[in-house]
file target-v1.cif (mmCIF, C-alpha atoms)
data_my_file
#
loop_
_atom_site.label_atom_id
_atom_site.label_comp_id
_atom_site.auth_asym_id
_atom_site.auth_seq_id
_atom_site.Cartn_x
_atom_site.Cartn_y
_atom_site.Cartn_z
CA MET A 1 17.22 -0.50 -45.79
CA VAL A 2 20.94 -1.15 -45.94
CA SER A 3 23.24 0.94 -43.78
CA VAL A 4 26.93 0.90 -42.99
CA VAL A 5 27.29 -0.21 -39.38
CA ASN A 6 31.05 -0.01 -39.14
CA THR A 7 34.17 0.50 -41.23
CA VAL A 8 37.47 -1.13 -40.39
CA ASP A 9 40.85 0.32 -41.33
CA THR A 10 42.82 -2.90 -41.83
CA ALA A 11 46.17 -1.23 -42.61
CA HIS A 12 46.74 -3.85 -45.31
CA GLU A 13 49.42 -2.69 -47.74
CA ASP A 14 47.70 -4.04 -50.85
CA MET A 15 44.32 -5.12 -52.19
CA ILE A 16 42.01 -6.98 -49.76
CA HIS A 17 40.61 -10.16 -51.33
CA ASP A 18 38.34 -11.47 -48.58
CA ALA A 19 36.79 -10.40 -45.28
CA GLN A 20 34.92 -12.88 -43.09
CA MET A 21 33.07 -12.46 -39.80
CA ASP A 22 33.19 -15.33 -37.33
CA TYR A 23 30.08 -17.23 -36.17
CA TYR A 24 29.24 -14.70 -33.45
CA GLY A 25 29.99 -11.59 -35.51
CA THR A 26 32.57 -10.34 -33.02
CA LYS A 27 35.75 -11.14 -34.95
CA LEU A 28 36.70 -10.12 -38.48
CA ALA A 29 39.41 -11.84 -40.55
CA THR A 30 40.85 -10.19 -43.66
CA CYS A 31 43.42 -11.27 -46.25
CA SER A 32 45.35 -9.40 -48.88
CA SER A 33 47.87 -9.38 -51.70
CA ASP A 34 50.33 -8.15 -49.05
CA ARG A 35 50.58 -11.88 -48.06
CA SER A 36 49.04 -11.37 -44.64
CA VAL A 37 45.96 -12.57 -42.78
CA LYS A 38 44.67 -10.23 -40.06
CA VAL A 39 42.20 -10.90 -37.28
CA PHE A 40 40.32 -8.04 -35.59
CA ASP A 41 38.01 -7.82 -32.62
CA VAL A 42 35.04 -5.72 -33.82
CA LYS A 43 32.77 -5.68 -30.77
CA ASN A 44 30.75 -2.54 -29.90
CA GLY A 45 31.83 -0.63 -32.99
CA GLN A 46 35.47 -0.72 -31.87
CA GLN A 47 38.27 -2.47 -33.73
CA THR A 48 41.32 -4.10 -32.21
CA LEU A 49 43.98 -5.95 -34.16
CA LEU A 50 44.36 -9.37 -32.53
CA ALA A 51 46.78 -11.02 -34.98
CA ASP A 52 48.83 -10.30 -38.09
CA LEU A 53 49.57 -13.73 -39.54
CA ARG A 54 52.35 -14.01 -42.13
CA GLU A 55 53.07 -17.54 -43.33
CA HIS A 56 51.89 -17.23 -46.94
CA ASP A 57 54.41 -16.48 -49.70
CA GLY A 58 52.02 -14.71 -52.06
CA PRO A 59 48.58 -13.11 -52.26
CA VAL A 60 46.00 -14.68 -49.92
CA TRP A 61 42.70 -15.17 -51.74
CA GLN A 62 40.14 -16.51 -49.30
CA LEU A 63 39.36 -17.23 -45.65
CA ALA A 64 36.92 -19.47 -43.78
CA TRP A 65 36.01 -19.68 -40.09
CA ALA A 66 35.25 -23.10 -38.62
CA HIS A 67 32.25 -23.59 -36.35
CA PRO A 68 33.04 -22.40 -32.78
CA MET A 69 32.51 -25.92 -31.37
CA PHE A 70 36.02 -26.59 -32.76
CA GLY A 71 37.48 -23.46 -31.12
CA ASN A 72 38.69 -20.35 -32.93
CA LEU A 73 39.90 -21.96 -36.15
CA LEU A 74 40.54 -20.10 -39.40
CA ALA A 75 41.58 -21.45 -42.82
CA SER A 76 43.34 -19.40 -45.50
CA CYS A 77 44.45 -20.19 -49.05
CA GLY A 78 46.64 -18.40 -51.54
CA TYR A 79 48.63 -18.08 -54.71
CA ASP A 80 51.55 -19.90 -53.03
CA ARG A 81 49.62 -23.21 -53.45
CA LYS A 82 49.15 -23.47 -49.68
CA VAL A 83 46.20 -23.96 -47.38
CA ILE A 84 47.00 -22.87 -43.82
CA ILE A 85 44.85 -23.59 -40.77
CA TRP A 86 45.27 -21.17 -37.85
CA LYS A 87 44.10 -21.60 -34.27
CA GLU A 88 43.78 -19.27 -31.32
CA THR A 89 44.95 -20.70 -28.01
CA SER A 90 44.91 -18.52 -24.89
CA GLY A 91 44.70 -15.38 -27.00
CA GLN A 92 47.62 -16.31 -29.27
CA TRP A 93 47.12 -17.21 -32.94
CA ALA A 94 49.41 -19.79 -34.52
CA LYS A 95 49.58 -22.10 -37.54
CA VAL A 96 48.41 -25.62 -36.66
CA HIS A 97 48.45 -27.21 -40.12
CA GLU A 98 49.77 -26.48 -43.61
CA TYR A 99 48.60 -28.36 -46.70
CA ASP A 100 50.82 -27.97 -49.77
CA GLN A 101 49.75 -30.76 -52.11
CA HIS A 102 48.31 -28.56 -54.86
CA ASP A 103 50.30 -27.73 -57.99
CA SER A 104 48.90 -24.24 -58.47
CA SER A 105 47.10 -21.40 -56.71
CA VAL A 106 44.45 -22.45 -54.16
CA ASN A 107 41.48 -20.17 -54.80
CA SER A 108 38.75 -21.24 -52.41
CA VAL A 109 38.34 -22.79 -48.95
CA MET A 110 35.14 -23.66 -47.09
CA TRP A 111 34.44 -25.66 -43.94
CA ALA A 112 31.74 -28.32 -44.09
CA PRO A 113 28.68 -28.01 -41.84
CA HIS A 114 29.81 -28.85 -38.30
CA GLU A 115 27.55 -31.94 -38.24
CA PHE A 116 30.12 -33.62 -40.51
CA GLY A 117 33.02 -32.86 -38.17
CA LEU A 118 36.11 -30.81 -38.93
CA VAL A 119 36.21 -31.01 -42.75
CA LEU A 120 37.59 -28.42 -45.18
CA ALA A 121 37.17 -28.28 -48.98
CA CYS A 122 39.80 -26.50 -51.10
CA GLY A 123 39.56 -25.64 -54.81
CA SER A 124 42.69 -25.00 -56.88
CA SER A 125 43.82 -23.71 -60.27
CA ASP A 126 45.42 -27.13 -60.83
CA GLY A 127 41.85 -28.37 -61.48
CA CYS A 128 41.66 -30.43 -58.28
CA ILE A 129 39.55 -30.21 -55.12
CA SER A 130 41.05 -31.37 -51.82
CA VAL A 131 38.98 -32.39 -48.82
CA LEU A 132 40.93 -32.17 -45.53
CA SER A 133 39.58 -33.68 -42.33
CA SER A 134 40.67 -34.02 -38.73
CA THR A 135 39.27 -35.79 -35.70
CA GLY A 136 40.63 -32.94 -33.58
CA ASP A 137 43.75 -34.74 -32.41
CA GLY A 138 46.07 -32.56 -34.50
CA THR A 139 46.42 -35.00 -37.42
CA TRP A 140 44.86 -34.26 -40.80
CA ASP A 141 43.77 -36.62 -43.58
CA SER A 142 43.30 -35.51 -47.18
CA LYS A 143 41.35 -36.80 -50.15
CA LYS A 144 41.67 -35.31 -53.61
CA ILE A 145 39.16 -35.02 -56.44
CA THR A 146 41.50 -34.92 -59.44
CA ASN A 147 40.54 -33.18 -62.69
CA ALA A 148 37.43 -31.69 -61.11
CA HIS A 149 37.55 -28.76 -63.55
CA THR A 150 39.81 -28.40 -66.57
CA ILE A 151 42.01 -25.27 -66.37
CA GLY A 152 41.05 -24.74 -62.74
CA CYS A 153 38.55 -24.65 -59.88
CA ASN A 154 37.55 -21.20 -58.64
CA ALA A 155 35.03 -21.90 -55.88
CA VAL A 156 33.67 -24.60 -53.56
CA THR A 157 30.53 -24.66 -51.41
CA TRP A 158 28.99 -27.31 -49.14
CA ALA A 159 25.40 -28.49 -49.18
CA PRO A 160 23.63 -27.94 -45.86
CA ALA A 161 23.65 -30.88 -43.43
CA VAL A 162 19.90 -31.26 -43.80
CA VAL A 163 18.18 -33.96 -45.84
CA PRO A 164 15.90 -32.21 -48.39
CA GLY A 165 12.27 -32.78 -47.41
CA SER A 166 13.09 -33.89 -43.85
CA LEU A 167 11.04 -31.02 -42.39
CA ILE A 168 7.81 -32.40 -43.88
CA ASP A 169 8.55 -36.13 -43.65
CA GLN A 170 6.26 -38.23 -41.50
CA PRO A 171 7.81 -38.88 -38.07
CA SER A 172 7.27 -42.62 -38.61
CA SER A 173 9.20 -42.74 -41.88
CA PRO A 174 12.82 -43.98 -41.68
CA ARG A 175 15.36 -41.18 -41.51
CA PRO A 176 17.41 -41.05 -44.71
CA GLN A 177 21.18 -41.15 -44.41
CA LEU A 178 22.86 -37.74 -44.46
CA VAL A 179 25.28 -37.56 -47.39
CA LYS A 180 28.19 -35.14 -47.76
CA ARG A 181 27.74 -33.05 -50.91
CA LEU A 182 29.59 -30.07 -52.30
CA ALA A 183 29.34 -27.92 -55.40
CA SER A 184 32.22 -26.36 -57.32
CA GLY A 185 32.65 -23.80 -60.10
CA GLY A 186 35.46 -23.69 -62.60
CA CYS A 187 37.20 -22.32 -65.65
CA ASP A 188 35.36 -24.89 -67.80
CA ASN A 189 32.19 -22.74 -67.37
CA LEU A 190 30.62 -25.56 -65.33
CA VAL A 191 29.08 -25.96 -61.90
CA LYS A 192 29.54 -29.52 -60.63
CA ILE A 193 27.93 -31.32 -57.70
CA TRP A 194 29.95 -33.99 -55.88
CA LYS A 195 28.87 -36.51 -53.28
CA GLU A 196 30.80 -38.81 -51.00
CA GLU A 197 30.12 -42.51 -51.47
CA ASP A 198 32.01 -45.21 -49.55
CA GLY A 199 34.72 -42.72 -48.66
CA GLN A 200 35.24 -41.59 -52.27
CA TRP A 201 34.04 -38.42 -53.97
CA ILE A 202 32.07 -38.91 -57.19
CA GLU A 203 30.58 -36.43 -59.67
CA GLU A 204 26.81 -36.45 -59.23
CA GLN A 205 25.76 -33.63 -61.53
CA LYS A 206 27.15 -31.28 -64.15
CA LEU A 207 25.29 -27.98 -64.50
CA GLU A 208 25.77 -26.17 -67.81
CA ALA A 209 24.46 -22.66 -68.52
CA HIS A 210 27.32 -20.20 -68.07
CA SER A 211 29.28 -19.10 -71.13
CA ASP A 212 32.48 -18.06 -69.31
CA TRP A 213 34.45 -18.92 -66.15
CA VAL A 214 32.33 -19.57 -63.05
CA ARG A 215 33.74 -17.30 -60.35
CA ASP A 216 31.69 -18.31 -57.30
CA VAL A 217 29.07 -20.82 -56.17
CA ALA A 218 26.93 -20.72 -53.02
CA TRP A 219 24.60 -23.46 -51.78
CA ALA A 220 21.62 -21.92 -49.96
CA PRO A 221 20.96 -22.82 -46.31
CA SER A 222 17.99 -25.15 -45.76
CA ILE A 223 15.52 -25.92 -42.97
CA GLY A 224 14.58 -29.23 -44.59
CA LEU A 225 12.12 -28.25 -47.32
CA PRO A 226 12.30 -30.44 -50.44
CA LYS A 227 13.85 -27.74 -52.65
CA SER A 228 17.64 -27.32 -52.93
CA ILE A 229 19.05 -24.04 -54.29
CA ILE A 230 22.51 -23.09 -55.59
CA ALA A 231 23.58 -19.65 -56.85
CA SER A 232 26.48 -19.25 -59.27
CA CYS A 233 28.10 -16.19 -60.82
CA SER A 234 30.42 -15.84 -63.75
CA GLN A 235 32.75 -13.90 -65.95
CA ASP A 236 29.77 -13.85 -68.37
CA CYS A 237 28.21 -11.14 -66.10
CA ARG A 238 25.30 -13.39 -65.10
CA VAL A 239 24.06 -14.84 -61.83
CA ILE A 240 22.17 -18.11 -62.23
CA ILE A 241 19.90 -19.72 -59.65
CA TRP A 242 19.80 -23.53 -59.84
CA THR A 243 16.91 -25.34 -58.17
CA ASN A 244 16.13 -28.98 -57.53
CA ASP A 245 12.57 -29.61 -56.36
CA GLY A 246 13.47 -32.88 -54.66
CA SER A 247 11.40 -35.09 -56.96
CA SER A 248 14.30 -36.04 -59.24
CA ASN A 249 18.00 -35.43 -59.81
CA THR A 250 17.28 -32.65 -62.31
CA TRP A 251 18.36 -29.07 -61.66
CA GLN A 252 16.55 -26.15 -63.34
CA SER A 253 18.44 -22.94 -64.14
CA LYS A 254 17.11 -19.40 -64.07
CA VAL A 255 19.10 -16.24 -64.80
CA LEU A 256 18.72 -13.93 -61.80
CA HIS A 257 20.15 -10.94 -63.68
CA LYS A 258 22.63 -9.99 -66.37
CA PHE A 259 24.97 -7.39 -64.89
CA ASN A 260 27.12 -4.83 -66.69
CA ASP A 261 30.40 -6.28 -65.43
CA VAL A 262 31.96 -9.53 -64.23
CA VAL A 263 30.33 -10.92 -61.07
CA TRP A 264 32.85 -12.08 -58.47
CA HIS A 265 30.88 -13.29 -55.46
CA VAL A 266 27.49 -14.57 -54.36
CA SER A 267 26.52 -15.11 -50.72
CA TRP A 268 23.26 -16.20 -49.03
CA SER A 269 21.78 -14.77 -45.84
CA VAL A 270 21.64 -17.16 -42.88
CA THR A 271 17.97 -17.87 -43.60
CA GLY A 272 18.67 -18.52 -47.29
CA ASN A 273 16.08 -16.09 -48.68
CA ILE A 274 18.31 -13.12 -49.61
CA LEU A 275 21.27 -13.34 -51.99
CA ALA A 276 24.09 -10.77 -51.94
CA VAL A 277 25.89 -10.22 -55.23
CA SER A 278 29.13 -8.27 -55.76
CA GLY A 279 31.04 -7.62 -58.93
CA GLY A 280 33.37 -5.52 -61.02
CA ASP A 281 31.00 -2.54 -60.92
CA ASN A 282 31.97 -2.03 -57.22
CA LYS A 283 28.36 -2.55 -56.11
CA VAL A 284 26.75 -4.96 -53.69
CA SER A 285 23.13 -5.77 -54.51
CA LEU A 286 20.65 -7.82 -52.48
CA TRP A 287 18.09 -10.04 -54.23
CA LYS A 288 14.97 -11.79 -53.01
CA GLU A 289 12.54 -14.17 -54.71
CA SER A 290 9.00 -12.78 -54.97
CA LEU A 291 5.88 -14.88 -54.41
CA GLU A 292 5.58 -15.11 -58.21
CA GLY A 293 9.01 -16.74 -58.41
CA GLN A 294 10.76 -13.66 -59.84
CA TRP A 295 14.07 -12.48 -58.37
CA VAL A 296 13.96 -8.77 -57.57
CA CYS A 297 16.58 -6.36 -56.28
CA VAL A 298 15.73 -5.16 -52.78
CA SER A 299 18.76 -2.91 -52.43
CA ASP A 300 21.66 -1.69 -54.49
CA VAL A 301 24.62 -0.22 -52.64
CA ASN A 302 27.56 1.55 -54.25
CA LYS A 303 31.04 0.94 -52.90
CA GLY A 304 31.58 3.01 -49.76
CA GLN A 305 27.95 4.10 -49.48
CA GLY A 306 25.25 2.88 -47.17
CA GLN A 307 21.99 4.22 -48.51
CA VAL A 308 19.60 2.25 -50.69
CA LEU A 309 19.75 3.52 -54.26
CA GLU A 310 17.23 1.51 -56.22
CA GLY A 311 15.22 -0.50 -53.71
CA GLU A 312 12.01 -2.06 -54.98
CA PRO A 313 9.51 -1.81 -52.13
CA GLN A 314 7.24 -4.58 -53.43
CA ALA A 315 10.02 -7.10 -52.78
CA ALA A 316 10.77 -6.06 -49.21
#

call {"tool": "encode", "arguments": {"input": "target-v1.cif", "output": "structure tokens"}}
result
Amino acid sequence: MVSVVNTVDTAHEDMIHDAQMDYYGTKLATCSSDRSVKVFDVKNGQQTLLADLREHDGPVWQLAWAHPMFGNLLASCGYDRKVIIWKETSGQWAKVHEYDQHDSSVNSVMWAPHEFGLVLACGSSDGCISVLSSTGDGTWDSKKITNAHTIGCNAVTWAPAVVPGSLIDQPSSPRPQLVKRLASGGCDNLVKIWKEEDGQWIEEQKLEAHSDWVRDVAWAPSIGLPKSIIASCSQDCRVIIWTNDGSSNTWQSKVLHKFNDVVWHVSWSVTGNILAVSGGDNKVSLWKESLEGQWVCVSDVNKGQGQVLEGEPQAA
């Protein structure tokens, strides 16, 4: 059963493009075409505006909270080609870093798993992916993957900081080295997987199945089972689930569903077994894999409504 717990009046003056809860679920950050980023306290069903941050010069597309071990840190990206990192110190929010080395709109930002340190991936319409990192001393380094996607990169997502299969490895076996990996989706209809080797990012895999722009990619959380899972969604109205069983470098694709409109976003639950899908039909649907390996819709919620419309009880 899906229900609306709370609604927040953001007082944004234009379309909201992203809304992200922090790690503890007590703060909400929103961003909009009105060029602002807002941070709210949303404890106990109340909402309090904590900050109205205005350093972007155009629509702000996406936000990402860093892990709380680094403090209250928020990244934003926008049409103005900028990535801005904000930090709360003694209740006051301020800009601590601005990255402006992209030649076009920056569409996606995502922090790496905290085990890798303070590392941020950024995908841009200039076709490049930037990886920013800091040791926490206030200085930031950047590496760029050039020509990652022709025409542009729309989304980036990090692989979990868990070696596939580590949960069932023998305790006596040597622990494999943890490798930084990320996946990206672009206007070339491709999903690409990148890995860091000797300080450089190289293309490890190219996943082809979509017939139009890939709008979002999401790497599923993992507890260390051999299987790796990535979800992607596209302008072609399809969501595709990519799986790697851990025995080889081959990824299998399976169409989760063909929707009636463009699909904008895919997002996994913390446990990695439920996928939320939202698109141009103004619906959010939740999907779960059955024991038979079929993906079934467990709830289907219209914009602004909280009741389940077409739940399939066998999948619950």

call {"tool": "closest_atom_pairs", "arguments": {"input": "target-v1.cif", "of": "region 152-205 of chain A", "to": "region 226-244 of chain A", "cutoff": "12 Å", "atoms": "only C-alpha atoms", "output": "tab-separated table"}}
result
residue	atom	partner	partner_atom	distance
A:Asn154	CA	A:Ser234	CA	10.3
A:Ala155	CA	A:Ser232	CA	9.6
A:Val156	CA	A:Ser232	CA	10.6
A:Thr157	CA	A:Ile230	CA	9.2
A:Trp158	CA	A:Ile230	CA	10.1
A:Ala159	CA	A:Ser228	CA	8.7
A:Pro160	CA	A:Ser228	CA	9.3
A:Ala161	CA	A:Ser228	CA	11.8
A:Val162	CA	A:Pro226	CA	10.1
A:Val163	CA	A:Pro226	CA	8.3
A:Pro164	CA	A:Pro226	CA	4.5
A:Gly165	CA	A:Pro226	CA	3.8
A:Ser166	CA	A:Pro226	CA	7.5
A:Leu167	CA	A:Pro226	CA	8.2
A:Ile168	CA	A:Pro226	CA	8.2
A:Asp169	CA	A:Pro226	CA	9.6
A:Arg181	CA	A:Ser228	CA	11.8
A:Leu182	CA	A:Ile230	CA	10.5
A:Ala183	CA	A:Ile230	CA	8.4
A:Ser184	CA	A:Ser232	CA	9.3
A:Gly185	CA	A:Ser232	CA	7.7
A:Gly186	CA	A:Ser234	CA	9.4
A:Cys187	CA	A:Gln235	CA	9.5
A:Asp188	CA	A:Ser234	CA	11.1
A:Asn189	CA	A:Ser234	CA	8.0
A:Leu190	CA	A:Ser232	CA	9.7
A:Val191	CA	A:Ser232	CA	7.7
A:Lys192	CA	A:Ile230	CA	10.8
A:Ile193	CA	A:Ile230	CA	10.1
A:Gln205	CA	A:Asn244	CA	11.4

call {"tool": "write_last_selection", "arguments": {"input": "target-v1.cif", "atoms": "C-alpha atoms", "output": "CSV table (one decimal), in the coordinates of the input"}}
result
chain,number,residue,atom,x,y,z
A,154,ASN,CA,37.6,-21.2,-58.6
A,155,ALA,CA,35.0,-21.9,-55.9
A,156,VAL,CA,33.7,-24.6,-53.6
A,157,THR,CA,30.5,-24.7,-51.4
A,158,TRP,CA,29.0,-27.3,-49.1
A,159,ALA,CA,25.4,-28.5,-49.2
A,160,PRO,CA,23.6,-27.9,-45.9
A,161,ALA,CA,23.6,-30.9,-43.4
A,162,VAL,CA,19.9,-31.3,-43.8
A,163,VAL,CA,18.2,-34.0,-45.8
A,164,PRO,CA,15.9,-32.2,-48.4
A,165,GLY,CA,12.3,-32.8,-47.4
A,166,SER,CA,13.1,-33.9,-43.8
A,167,LEU,CA,11.0,-31.0,-42.4
A,168,ILE,CA,7.8,-32.4,-43.9
A,169,ASP,CA,8.6,-36.1,-43.6
A,181,ARG,CA,27.7,-33.0,-50.9
A,182,LEU,CA,29.6,-30.1,-52.3
A,183,ALA,CA,29.3,-27.9,-55.4
A,184,SER,CA,32.2,-26.4,-57.3
A,185,GLY,CA,32.6,-23.8,-60.1
A,186,GLY,CA,35.5,-23.7,-62.6
A,187,CYS,CA,37.2,-22.3,-65.6
A,188,ASP,CA,35.4,-24.9,-67.8
A,189,ASN,CA,32.2,-22.7,-67.4
A,190,LEU,CA,30.6,-25.6,-65.3
A,191,VAL,CA,29.1,-26.0,-61.9
A,192,LYS,CA,29.5,-29.5,-60.6
A,193,ILE,CA,27.9,-31.3,-57.7
A,205,GLN,CA,25.8,-33.6,-61.5

call {"tool": "resolve_selection", "arguments": {"input": "target-v1.cif", "expression": "the PyMOL selection byres ((chain A and resi 128-140) around 8)", "output": "list in words"}}
result
Phe70, Val96, His97, His102, Gly117, Leu118, Val119, Leu120, Ala121, Cys122, Gly123, Ser124, Ser125, Asp126, Gly127, Asp141, Ser142, Lys143, Lys144, Ile145, Thr146, Asn147, Ala148, His149, Gly152 and Cys153 of chain A

call {"tool": "atom_distance", "arguments": {"input": "target-v1.cif", "atom1": "CA of Val5 (chain A)", "atom2": "CA of Asp52 (chain A)"}}
result
23.8 Å

call {"tool": "axis_aligned_box", "arguments": {"input": "target-v1.cif", "around": "region 110-114 of chain A", "padding_each_side": "8 Å", "output": "lines of an AutoDock Vina configuration file"}}
result
center_x = 31.9
center_y = -26.3
center_z = -42.7
size_x = 22.5
size_y = 21.2
size_z = 24.8

call {"tool": "resolve_selection", "arguments": {"input": "target-v1.cif", "expression": "the PyMOL selection byres ((chain A and resi 33) around 9)", "output": "NGL selection string"}}
result
:A and (12-17 or 31-32 or 34-36 or 58-61)

call {"tool": "closest_residue", "arguments": {"input": "target-v1.cif", "among": "A:Gln46, A:Thr271, A:Gln101, A:Ser290", "to": "Gly224 (chain A)", "atoms": "only C-alpha atoms"}}
result
A:Thr271

call {"tool": "resolve_selection", "arguments": {"input": "target-v1.cif", "expression": "the PyMOL selection byres ((chain A and resi 47) around 10)", "output": "list in words"}}
result
Asn6, Thr7, Val8, Asp9, Thr10, Thr26, Lys27, Leu28, Val39, Phe40, Asp41, Val42, Lys43, Asn44, Gly45, Gln46, Thr48, Leu49 and Leu50 of chain A

call {"tool": "closest_residue", "arguments": {"input": "target-v1.cif", "among": "A:Lys195, A:His257, A:His114, A:Arg54", "to": "Ala94 (chain A)", "atoms": "all atoms listed in the file"}}
result
A:Arg54

call {"tool": "atom_distance", "arguments": {"input": "target-v1.cif", "atom1": "CA of Ala75 (chain A)", "atom2": "CA of Glu197 (chain A)"}}
result
25.5 Å

call {"tool": "closest_atom_pairs", "arguments": {"input": "target-v1.cif", "of": "region 248-290 of chain A", "to": "region 18-23 of chain A", "cutoff": "12 Å", "atoms": "only C-alpha atoms", "output": "CSV"}}
result
residue,atom,partner,partner_atom,distance
A:Trp264,CA,A:Asp18,CA,11.3
A:His265,CA,A:Asp18,CA,10.3
A:Ser267,CA,A:Gln20,CA,11.6
A:Val270,CA,A:Tyr23,CA,10.8

call {"tool": "atom_distance", "arguments": {"input": "target-v1.cif", "atom1": "CA of Lys288 (chain A)", "atom2": "CA of Asn273 (chain A)"}}
result
6.2 Å

call {"tool": "closest_residue", "arguments": {"input": "target-v1.cif", "among": "A:Glu292, A:Asp300, A:Lys87, A:Cys77", "to": "Val277 (chain A)", "atoms": "all atoms listed in the file"}}
result
A:Asp300

call {"tool": "closest_residue", "arguments": {"input": "target-v1.cif", "among": "A:Ser108, A:Asn72, A:Ser269, A:Ser299", "to": "Gln92 (chain A)", "atoms": "all atoms listed in the file"}}
result
A:Asn72

call {"tool": "build_atoms", "arguments": {"input": "target-v1.cif", "residues": "region 237-248 of chain A", "atoms": "N, CA, C and O atoms", "output": "PDB file, keeping the file's coordinate frame"}}
result
ATOM      1  N   CYS A 237      29.005 -12.239 -66.680  1.00  0.00           N
ATOM      2  CA  CYS A 237      28.210 -11.140 -66.100  1.00  0.00           C
ATOM      3  C   CYS A 237      26.830 -11.591 -65.594  1.00  0.00           C
ATOM      4  O   CYS A 237      25.992 -10.748 -65.278  1.00  0.00           O
ATOM      5  N   ARG A 238      26.614 -12.893 -65.537  1.00  0.00           N
ATOM      6  CA  ARG A 238      25.300 -13.390 -65.100  1.00  0.00           C
ATOM      7  C   ARG A 238      25.378 -14.105 -63.762  1.00  0.00           C
ATOM      8  O   ARG A 238      26.395 -14.710 -63.418  1.00  0.00           O
ATOM      9  N   VAL A 239      24.272 -14.003 -63.018  1.00  0.00           N
ATOM     10  CA  VAL A 239      24.060 -14.840 -61.830  1.00  0.00           C
ATOM     11  C   VAL A 239      22.939 -15.805 -62.176  1.00  0.00           C
ATOM     12  O   VAL A 239      21.888 -15.401 -62.687  1.00  0.00           O
ATOM     13  N   ILE A 240      23.169 -17.086 -61.933  1.00  0.00           N
ATOM     14  CA  ILE A 240      22.170 -18.110 -62.230  1.00  0.00           C
ATOM     15  C   ILE A 240      21.757 -18.798 -60.936  1.00  0.00           C
ATOM     16  O   ILE A 240      22.595 -19.116 -60.084  1.00  0.00           O
ATOM     17  N   ILE A 241      20.446 -18.991 -60.790  1.00  0.00           N
ATOM     18  CA  ILE A 241      19.900 -19.720 -59.650  1.00  0.00           C
ATOM     19  C   ILE A 241      19.504 -21.117 -60.134  1.00  0.00           C
ATOM     20  O   ILE A 241      18.720 -21.257 -61.076  1.00  0.00           O
ATOM     21  N   TRP A 242      20.086 -22.125 -59.505  1.00  0.00           N
ATOM     22  CA  TRP A 242      19.800 -23.530 -59.840  1.00  0.00           C
ATOM     23  C   TRP A 242      18.906 -24.104 -58.761  1.00  0.00           C
ATOM     24  O   TRP A 242      19.190 -23.966 -57.574  1.00  0.00           O
ATOM     25  N   THR A 243      17.813 -24.755 -59.166  1.00  0.00           N
ATOM     26  CA  THR A 243      16.910 -25.340 -58.170  1.00  0.00           C
ATOM     27  C   THR A 243      16.618 -26.801 -58.496  1.00  0.00           C
ATOM     28  O   THR A 243      16.509 -27.186 -59.662  1.00  0.00           O
ATOM     29  N   ASN A 244      16.529 -27.581 -57.433  1.00  0.00           N
ATOM     30  CA  ASN A 244      16.130 -28.980 -57.530  1.00  0.00           C
ATOM     31  C   ASN A 244      14.930 -29.153 -56.611  1.00  0.00           C
ATOM     32  O   ASN A 244      15.031 -28.884 -55.409  1.00  0.00           O
ATOM     33  N   ASP A 245      13.802 -29.571 -57.163  1.00  0.00           N
ATOM     34  CA  ASP A 245      12.570 -29.610 -56.360  1.00  0.00           C
ATOM     35  C   ASP A 245      12.464 -30.842 -55.473  1.00  0.00           C
ATOM     36  O   ASP A 245      11.487 -31.007 -54.737  1.00  0.00           O
ATOM     37  N   GLY A 246      13.462 -31.714 -55.532  1.00  0.00           N
ATOM     38  CA  GLY A 246      13.470 -32.880 -54.660  1.00  0.00           C
ATOM     39  C   GLY A 246      12.799 -34.107 -55.236  1.00  0.00           C
ATOM     40  O   GLY A 246      12.885 -35.196 -54.668  1.00  0.00           O
ATOM     41  N   SER A 247      12.112 -33.952 -56.381  1.00  0.00           N
ATOM     42  CA  SER A 247      11.400 -35.090 -56.960  1.00  0.00           C
ATOM     43  C   SER A 247      12.293 -35.921 -57.881  1.00  0.00           C
ATOM     44  O   SER A 247      11.982 -37.063 -58.193  1.00  0.00           O
ATOM     45  N   SER A 248      13.387 -35.316 -58.344  1.00  0.00           N
ATOM     46  CA  SER A 248      14.300 -36.040 -59.240  1.00  0.00           C
ATOM     47  C   SER A 248      15.702 -35.467 -59.064  1.00  0.00           C
ATOM     48  O   SER A 248      15.927 -34.598 -58.220  1.00  0.00           O
TER      49      SER A 248
END
